[in-house]
$ cat work38.txt   # compact mmCIF, C-alpha atoms
# COMPACT_ATOMS: atom_id res chain seq x y z
CA MET M 1 223.68 164.63 39.04
CA ALA M 2 224.91 167.86 40.58
CA ALA M 3 226.13 167.02 44.04
CA ASN M 4 226.75 169.78 46.56
CA LEU M 5 230.32 169.14 47.62
CA ASN M 6 230.83 172.58 49.14
CA THR M 7 230.30 171.48 52.72
CA ASP M 8 230.22 173.94 55.57
CA ASP M 9 233.76 174.51 56.83
CA ASN M 10 232.45 174.98 60.36
CA ALA M 11 230.92 171.50 60.28
CA ARG M 12 234.38 170.07 59.64
CA ALA M 13 236.32 172.27 62.06
CA ASP M 14 236.65 169.53 64.65
CA VAL M 15 238.26 167.16 62.19
CA GLY M 16 240.33 169.62 60.19
CA ALA M 17 244.02 169.06 59.59
CA SER M 18 247.10 171.22 59.34
CA THR M 19 250.40 170.98 57.49
CA ASP M 20 253.59 169.98 59.31
CA ALA M 21 257.21 171.00 58.76
CA HIS M 22 257.66 168.32 56.09
CA GLY M 23 254.71 169.65 54.08
CA ALA M 24 252.61 166.63 55.03
CA ARG M 25 249.03 167.11 56.07
CA ASP M 26 248.57 166.20 59.73
CA THR M 27 245.68 163.75 59.80
CA THR M 28 245.70 163.14 63.56
CA GLY M 29 242.48 165.12 63.85
CA ASP M 30 240.63 162.96 61.33
CA ARG M 31 238.53 160.63 63.47
CA VAL M 32 237.17 158.63 60.50
CA LEU M 33 238.54 158.03 56.99
CA TYR M 34 236.54 157.14 53.91
CA GLY M 35 237.82 154.05 52.09
CA CYS M 36 237.24 154.27 48.33
CA MET M 37 237.53 150.58 47.45
CA GLY M 38 233.81 150.41 46.60
CA LEU M 39 233.97 153.15 43.96
CA GLY M 40 234.48 152.63 40.24
CA GLY M 41 231.97 149.93 39.34
CA SER M 42 232.84 146.25 39.04
CA TRP M 43 236.10 144.49 39.81
CA GLU M 44 236.44 143.57 36.15
CA PRO M 45 239.24 145.43 34.34
CA GLY M 46 236.85 147.05 31.81
CA PRO M 47 235.97 150.76 31.59
CA TYR M 48 233.81 152.71 34.03
CA GLY M 49 230.81 154.74 32.97
CA PRO M 50 228.99 157.99 33.86
CA GLN M 51 226.88 156.18 36.45
CA ASP M 52 230.05 155.11 38.26
CA ILE M 53 231.24 158.73 38.41
CA ASP M 54 227.83 159.82 39.73
CA ALA M 55 227.91 157.09 42.39
CA ALA M 56 231.41 158.17 43.45
CA GLU M 57 230.27 161.79 43.64
CA ALA M 58 227.34 160.82 45.85
CA ALA M 59 229.64 158.87 48.17
CA VAL M 60 232.13 161.74 48.40
CA GLU M 61 229.30 164.18 49.12
CA ALA M 62 227.99 161.93 51.90
CA ALA M 63 231.47 161.65 53.42
CA LEU M 64 232.04 165.39 53.37
CA ASP M 65 228.58 166.02 54.81
CA SER M 66 229.58 163.65 57.62
CA GLY M 67 232.75 165.56 58.48
CA ILE M 68 235.13 163.15 56.75
CA THR M 69 237.96 164.80 54.83
CA THR M 70 240.51 162.00 54.34
CA PHE M 71 239.95 159.62 51.41
CA ASP M 72 241.81 156.31 51.29
CA HIS M 73 242.64 154.64 47.96
CA ALA M 74 244.87 151.92 46.55
CA ASP M 75 246.13 151.55 43.01
CA ILE M 76 244.52 148.10 42.72
CA TYR M 77 241.00 149.05 43.81
CA ARG M 78 238.70 148.08 40.93
CA HIS M 79 241.83 147.77 38.75
CA GLY M 80 242.51 151.50 39.16
CA LYS M 81 238.93 152.57 38.47
CA ALA M 82 238.34 153.71 42.06
CA GLU M 83 241.12 156.28 41.72
CA ALA M 84 239.97 157.23 38.22
CA VAL M 85 236.36 158.00 39.14
CA PHE M 86 237.57 159.94 42.17
CA GLY M 87 239.74 161.98 39.82
CA GLU M 88 236.64 162.66 37.75
CA VAL M 89 234.87 163.95 40.87
CA LEU M 90 237.79 166.25 41.64
CA ALA M 91 237.68 167.58 38.07
CA ARG M 92 233.97 168.31 38.45
CA THR M 93 234.46 170.24 41.67
CA PRO M 94 237.03 173.06 41.61
CA GLY M 95 238.56 173.67 45.02
CA LEU M 96 237.71 170.26 46.44
CA ARG M 97 241.27 168.95 46.23
CA GLU M 98 242.52 171.68 48.57
CA ARG M 99 239.97 170.73 51.24
CA ILE M 100 240.75 167.03 51.50
CA THR M 101 243.57 164.59 52.18
CA LEU M 102 244.31 162.01 49.49
CA GLN M 103 245.87 158.76 50.66
CA THR M 104 246.67 155.85 48.39
CA LYS M 105 248.55 152.57 48.56
CA CYS M 106 250.84 150.60 46.29
CA GLY M 107 252.68 147.29 46.46
CA ILE M 108 250.12 144.68 45.36
CA ARG M 109 249.93 143.46 41.78
CA LEU M 110 246.77 141.69 40.70
CA GLY M 111 247.21 138.51 38.71
CA GLY M 112 246.88 138.76 34.94
CA GLU M 113 248.77 138.62 31.68
CA ASP M 114 251.97 139.97 33.27
CA GLY M 115 252.17 137.28 35.95
CA PRO M 116 250.56 135.93 39.12
CA GLY M 117 249.10 137.97 41.95
CA ARG M 118 252.09 139.16 43.96
CA TYR M 119 253.63 141.89 46.08
CA ASP M 120 256.06 144.37 44.54
CA LEU M 121 257.93 147.01 46.54
CA ARG M 122 260.87 147.32 44.17
CA GLY M 123 261.95 150.93 43.77
CA PRO M 124 261.09 151.43 40.09
CA SER M 125 257.71 149.73 40.59
CA ILE M 126 256.80 152.05 43.46
CA VAL M 127 257.69 155.13 41.39
CA ARG M 128 255.73 153.86 38.40
CA ARG M 129 252.63 153.05 40.46
CA VAL M 130 252.67 156.46 42.13
CA GLU M 131 252.91 158.19 38.76
CA GLU M 132 249.93 156.16 37.54
CA SER M 133 247.93 157.01 40.67
CA LEU M 134 248.68 160.71 40.25
CA THR M 135 247.38 160.56 36.69
CA ARG M 136 244.19 158.72 37.64
CA LEU M 137 243.52 160.97 40.62
CA ARG M 138 244.19 164.09 38.53
CA THR M 139 246.36 165.62 41.21
CA GLU M 140 249.95 166.79 41.44
CA VAL M 141 250.66 165.33 44.86
CA ILE M 142 249.61 162.44 47.08
CA ASP M 143 249.30 163.49 50.70
CA VAL M 144 250.01 160.05 52.20
CA LEU M 145 251.36 156.95 50.43
CA LEU M 146 251.06 153.61 52.21
CA LEU M 147 252.98 150.46 51.29
CA HIS M 148 250.07 148.05 50.92
CA ARG M 149 251.66 144.78 52.07
CA PRO M 150 255.22 143.59 52.79
CA ASP M 151 257.15 142.22 49.82
CA PRO M 152 259.54 139.44 50.96
CA LEU M 153 261.79 140.05 47.93
CA ALA M 154 262.07 143.81 48.34
CA ASP M 155 265.42 145.35 49.28
CA PRO M 156 264.51 147.79 52.10
CA ASP M 157 267.25 150.21 51.04
CA GLU M 158 265.85 150.31 47.50
CA THR M 159 262.30 150.73 48.77
CA ALA M 160 263.29 153.59 51.08
CA ALA M 161 265.32 155.29 48.35
CA ALA M 162 262.29 155.28 46.04
CA LEU M 163 260.12 156.82 48.76
CA MET M 164 262.62 159.56 49.52
CA SER M 165 262.96 160.33 45.81
CA LEU M 166 259.19 160.77 45.55
CA HIS M 167 259.28 163.03 48.59
CA ARG M 168 262.11 165.21 47.27
CA GLN M 169 260.26 165.63 43.97
CA GLY M 170 257.18 166.84 45.84
CA LEU M 171 255.06 163.97 44.51
CA VAL M 172 254.30 162.47 47.96
CA ARG M 173 254.12 164.41 51.21
CA ALA M 174 254.14 161.61 53.78
CA PHE M 175 254.46 157.85 54.03
CA GLY M 176 252.99 155.00 56.00
CA VAL M 177 252.50 151.26 55.83
CA SER M 178 249.66 148.78 55.81
CA ASN M 179 249.49 145.28 57.26
CA MET M 180 252.94 145.53 58.84
CA GLY M 181 254.24 144.69 62.30
CA ALA M 182 256.59 146.64 64.54
CA PRO M 183 259.90 145.06 63.34
CA GLN M 184 259.04 145.74 59.69
CA ILE M 185 258.12 149.33 60.52
CA THR M 186 261.33 149.80 62.49
CA ALA M 187 263.48 148.49 59.63
CA LEU M 188 261.85 150.81 57.09
CA GLN M 189 261.90 153.84 59.38
CA ALA M 190 265.64 153.44 59.96
CA ARG M 191 266.18 154.05 56.24
CA LEU M 192 263.90 157.09 55.86
CA ASP M 193 264.56 160.76 56.55
CA VAL M 194 260.89 161.47 57.29
CA PRO M 195 258.65 159.82 59.90
CA LEU M 196 256.16 157.13 58.99
CA VAL M 197 252.74 158.53 59.89
CA ALA M 198 250.28 155.63 59.57
CA ASN M 199 249.81 151.88 59.76
CA GLN M 200 246.58 150.47 58.36
CA LEU M 201 245.49 147.11 59.77
CA GLU M 202 242.32 145.05 59.88
CA MET M 203 240.69 145.95 63.19
CA SER M 204 237.05 145.75 64.23
CA LEU M 205 234.75 144.30 66.84
CA HIS M 206 234.67 141.17 64.64
CA SER M 207 238.40 140.98 63.79
CA ARG M 208 239.65 141.28 67.36
CA ASP M 209 243.14 139.75 67.23
CA TRP M 210 244.60 143.26 67.57
CA VAL M 211 243.09 143.73 71.03
CA GLU M 212 243.09 140.11 72.17
CA ALA M 213 246.80 139.64 71.50
CA GLY M 214 247.45 141.68 74.61
CA VAL M 215 245.23 139.63 76.94
CA LEU M 216 245.58 136.10 75.56
CA LEU M 217 249.32 136.05 76.19
CA ASN M 218 250.18 133.13 78.49
CA THR M 219 246.97 131.29 77.60
CA PRO M 220 246.44 128.37 75.18
CA ALA M 221 244.33 130.60 72.91
CA TYR M 222 247.33 132.81 72.15
CA ALA M 223 248.71 130.25 69.69
CA SER M 224 245.87 130.96 67.25
CA ASN M 225 246.16 134.75 67.46
CA GLY M 226 247.74 136.13 64.31
CA PHE M 227 248.28 139.75 65.30
CA PRO M 228 251.92 140.90 65.63
CA PHE M 229 252.20 141.46 69.36
CA GLY M 230 253.62 144.86 70.33
CA THR M 231 252.59 146.62 67.11
CA LEU M 232 249.91 148.76 68.78
CA GLU M 233 252.34 149.85 71.44
CA HIS M 234 255.07 150.59 68.88
CA CYS M 235 252.76 152.73 66.76
CA ARG M 236 251.46 154.61 69.77
CA ASP M 237 254.96 155.30 71.11
CA HIS M 238 256.20 156.54 67.72
CA ALA M 239 253.16 158.69 66.78
CA ILE M 240 252.20 156.35 63.94
CA ARG M 241 248.46 156.67 63.44
CA LEU M 242 246.61 153.37 63.47
CA GLN M 243 243.97 153.11 60.74
CA ALA M 244 241.43 150.30 60.95
CA TRP M 245 240.30 148.76 57.67
CA GLY M 246 237.18 146.59 57.81
CA ALA M 247 236.01 148.76 60.72
CA LEU M 248 232.29 148.14 60.10
CA ALA M 249 232.88 144.38 60.10
CA GLN M 250 231.17 143.95 56.71
CA GLY M 251 227.80 144.65 58.31
CA ARG M 252 227.92 141.66 60.68
CA PHE M 253 226.53 143.71 63.56
CA THR M 254 224.47 146.27 61.65
CA GLY M 255 222.49 144.37 59.06
CA ARG M 256 223.43 140.79 58.25
CA GLN M 257 223.89 138.77 61.40
CA SER M 258 224.41 135.01 61.02
CA THR M 259 225.50 133.77 64.45
CA ALA M 260 224.07 134.02 67.95
CA ALA M 261 226.96 136.25 69.02
CA GLU M 262 226.39 138.58 66.07
CA HIS M 263 222.67 138.85 66.87
CA ALA M 264 223.40 139.56 70.54
CA THR M 265 226.00 142.17 69.63
CA ALA M 266 223.66 143.82 67.13
CA GLU M 267 220.97 144.11 69.81
CA LEU M 268 223.44 145.62 72.27
CA LEU M 269 224.67 148.11 69.65
CA ALA M 270 221.09 149.11 68.88
CA ASP M 271 220.30 149.61 72.58
CA LEU M 272 223.40 151.74 73.10
CA ALA M 273 222.63 153.75 69.97
CA ARG M 274 219.13 154.56 71.23
CA THR M 275 220.50 155.57 74.62
CA LYS M 276 223.10 157.86 73.07
CA ASP M 277 220.86 159.23 70.30
CA THR M 278 223.05 157.98 67.49
CA THR M 279 223.35 155.01 65.11
CA PRO M 280 224.64 151.45 65.64
CA GLU M 281 227.33 152.14 63.03
CA THR M 282 228.59 155.06 65.10
CA VAL M 283 228.71 152.98 68.29
CA LEU M 284 230.62 150.27 66.42
CA LEU M 285 233.22 152.81 65.30
CA TRP M 286 233.33 154.38 68.75
CA TRP M 287 234.36 150.98 70.10
CA LEU M 288 237.54 151.23 68.02
CA ALA M 289 238.14 154.93 68.62
CA ARG M 290 237.70 154.53 72.39
CA HIS M 291 240.96 152.54 72.55
CA PRO M 292 243.83 154.71 73.84
CA ALA M 293 246.00 153.84 70.82
CA GLY M 294 244.04 156.48 68.87
CA ILE M 295 242.57 154.27 66.15
CA ALA M 296 240.98 155.95 63.13
CA PRO M 297 238.34 153.70 61.50
CA VAL M 298 238.19 153.46 57.71
CA ILE M 299 234.64 153.03 56.42
CA GLY M 300 234.28 151.48 53.00
CA SER M 301 230.59 151.47 52.13
CA ALA M 302 229.65 153.12 48.83
CA ARG M 303 226.07 153.70 50.07
CA PRO M 304 225.48 157.36 51.02
CA ASP M 305 222.96 156.41 53.72
CA ARG M 306 225.43 154.10 55.43
CA ILE M 307 228.21 156.68 55.17
CA ARG M 308 225.98 159.28 56.82
CA ALA M 309 225.13 156.78 59.55
CA CYS M 310 228.76 157.15 60.65
CA ARG M 311 228.66 160.94 60.98
CA ASP M 312 228.68 161.06 64.79
CA ALA M 313 231.82 158.94 64.84
CA ALA M 314 233.53 161.58 62.69
CA VAL M 315 232.44 164.65 64.64
CA ARG M 316 231.94 163.48 68.24
CA GLU M 317 234.25 162.07 70.88
CA PRO M 318 233.58 158.37 71.55
CA ASP M 319 230.71 158.17 74.00
CA LEU M 320 231.31 154.76 75.59
CA THR M 321 232.01 154.06 79.22
CA HIS M 322 234.66 151.63 80.37
CA GLU M 323 231.93 149.11 81.18
CA GLU M 324 230.05 149.55 77.89
CA TRP M 325 233.26 149.01 75.90
CA TYR M 326 233.94 145.75 77.73
CA GLU M 327 230.33 144.61 77.39
CA LEU M 328 230.53 144.97 73.62
CA TRP M 329 233.83 143.08 73.50
CA ILE M 330 232.62 140.20 75.67
CA THR M 331 229.30 139.93 73.82
CA ALA M 332 231.05 139.81 70.42
CA ARG M 333 233.57 137.17 71.52
CA ALA M 334 230.76 135.09 73.10
CA ALA M 335 233.03 134.06 75.95
CA PRO M 336 234.33 135.61 79.15
CA LEU M 337 237.80 137.10 79.23
CA PRO M 338 240.62 134.86 80.50

$ encode --input "work38.txt" --output "C-alpha cells"
Amino acid sequence: MAANLNTDDNARADVGASTDAHGARDTTGDRVLYGCMGLGGSWEPGPYGPQDIDAAEAAVEAALDSGITTFDHADIYRHGKAEAVFGEVLARTPGLRERITLQTKCGIRLGGEDGPGRYDLRGPSIVRRVEESLTRLRTEVIDVLLLHRPDPLADPDETAAALMSLHRQGLVRAFGVSNMGAPQITALQARLDVPLVANQLEMSLHSRDWVEAGVLLNTPAYASNGFPFGTLEHCRDHAIRLQAWGALAQGRFTGRQSTAAEHATAELLADLARTKDTTPETVLLWWLARHPAGIAPVIGSARPDRIRACRDAAVREPDLTHEEWYELWITARAAPLP
C-alpha cells in the first residue's frame, strides 16, 4: 500500500502549531488529536506484521487528510506495538515527522512476568520508558510526554527530576499529565522549571462527570460524581490544555445504541448533522469543543472512514448554539438539570 501522506499544507493551516520559547510545539491550535491506541494489531504481546503497518499508514493518512497533526500514544498501547508501527510509518515517509506532533505517555505497567499491573512514576522507570518509546517511534525527540496515571508510591521530587533531565537532554520538549486532578497537577508543577501543557481526561457526552460536577454540587447526586471538582477551572486558569479521551463515546451515539437515551441522542445528533451539513461524529466532538475550557477531543478509531467523519471538527469552529448544546446534554442524561 502506498498511502499519500503528503497532505496539502493549506488544508492544515487552521490547525497548525508553532514552537514556543522552551522548544515545545504549541498544540493549542490543534482542535482534534488522533489517539493511536487502536494501531499495532492485537493486544497480545506477540509481533506485528506488514498488514498492521499498512493499517496504521491508512489511519495516519486519514487523520492528516482530516487536518489532524497531533498523534497521541502510550508506551503500553498494544504492548508497545502501536508506537512501533507508527515508527514504521514515519520511516516510510520522509519529512512526515517534521509536520506532526508526537505525544506519548508513560507510567502504567501491564501485568506479566515482572509483576502485577501497576503504576510506576519512579525516576529511572520514566527515563527507561521514554528511551524505549523513542526507539519504537524512530524519532530523536518526543514533543509532549504525559504521565499516564498517578503513582501513589512515587516521590514527586524524583519524578520531576527525571522529567527535567529528559528536557535538558533534548529528549522531551514538553510535559503534561493524564487522569490527574488540580492538587496533583499543582504539586508536580511546583517542582518543574517548565509549564505543564496538557491534562488528558475521560470526557464525552456519555462520560459527563466532568461537566456535571459543576452543577450537581449541593444536590444528592453529587455524592456519586467521581470527577475532581475544580480541575477544569485550574487547567483553564493555568493554560493547561484539556484533552478528552473516549471523546466518541465508543460509538454509543453514532452506531451502537443500547438504551432509550442513546437512541434519542443519536437521532438528535443526526438531525443536527443534517442541518449543519456535517456528520454526527463531528457534532459529538463539537459538543466537547464548544465548552469554554478549550477541550481538544482525542479520537481513537483505527477505521479511516470514521476518522474522516471527524474532519469538520478538526477544521471548523464548533457550530452549536447555546440551546443546541444544552439539548444534547439533557437528552443524553435522560433527565432535566437540577

$ residues_around --input "work38.txt" --residues "range 280-286 of chain M" --least-positions-apart "6" --cutoff "8 Å" --atoms "all atoms listed in the file" --output "NGL selection string"
:M and (205 or 247-248 or 254 or 266 or 269-270 or 272-273 or 297 or 309-313 or 318-320)

$ closest_residue --input "work38.txt" --among "M:Ala198, M:Leu39, M:Leu216, M:Ala161" --to "Gly87 in chain M" --atoms "only C-alpha atoms"
M:Leu39

$ atom_distance --input "work38.txt" --atom1 "CA of Val85 in chain M" --atom2 "CA of Ala249 in chain M"
25.2 Å

$ residues_near_point --input "work38.txt" --point "(246.6, 144.4, 70.5)" --cutoff "6 Å" --atoms "all atoms listed in the file" --output "MDAnalysis selection string"
chainID M and resid 210:214 232

$ residues_around --input "work38.txt" --residues "Ile108 in chain M" --least-positions-apart "3" --cutoff "8 Å" --atoms "all atoms listed in the file" --output "PDB file with C-alpha atoms, in the frame of the given file"
ATOM      1  CA  ILE M  76     244.520 148.100  42.720  1.00  0.00           C
ATOM      2  CA  GLY M 117     249.100 137.970  41.950  1.00  0.00           C
ATOM      3  CA  ARG M 118     252.090 139.160  43.960  1.00  0.00           C
ATOM      4  CA  TYR M 119     253.630 141.890  46.080  1.00  0.00           C
ATOM      5  CA  ASP M 120     256.060 144.370  44.540  1.00  0.00           C
ATOM      6  CA  HIS M 148     250.070 148.050  50.920  1.00  0.00           C
ATOM      7  CA  ARG M 149     251.660 144.780  52.070  1.00  0.00           C
TER       8      ARG M 149
END

$ closest_residue --input "work38.txt" --among "M:Glu262, M:Asp271, M:Arg78, M:Trp325" --to "Ala289 in chain M" --atoms "all atoms listed in the file"
M:Trp325

$ atom_distance --input "work38.txt" --atom1 "CA of Arg99 in chain M" --atom2 "CA of Ala174 in chain M"
17.0 Å

$ residues_around --input "work38.txt" --residues "Gly300 in chain M" --least-positions-apart "4" --cutoff "7 Å" --atoms "all atoms listed in the file" --output "tab-separated table (two decimals) with C-alpha atoms, in the coordinates of the input"
chain	number	residue	atom	x	y	z
M	34	TYR	CA	236.54	157.14	53.91
M	35	GLY	CA	237.82	154.05	52.09
M	36	CYS	CA	237.24	154.27	48.33
M	37	MET	CA	237.53	150.58	47.45
M	38	GLY	CA	233.81	150.41	46.60

$ closest_residue --input "work38.txt" --among "M:Ile307, M:Asp54, M:Gly49, M:Pro292" --to "His322 in chain M" --atoms "only C-alpha atoms"
M:Pro292
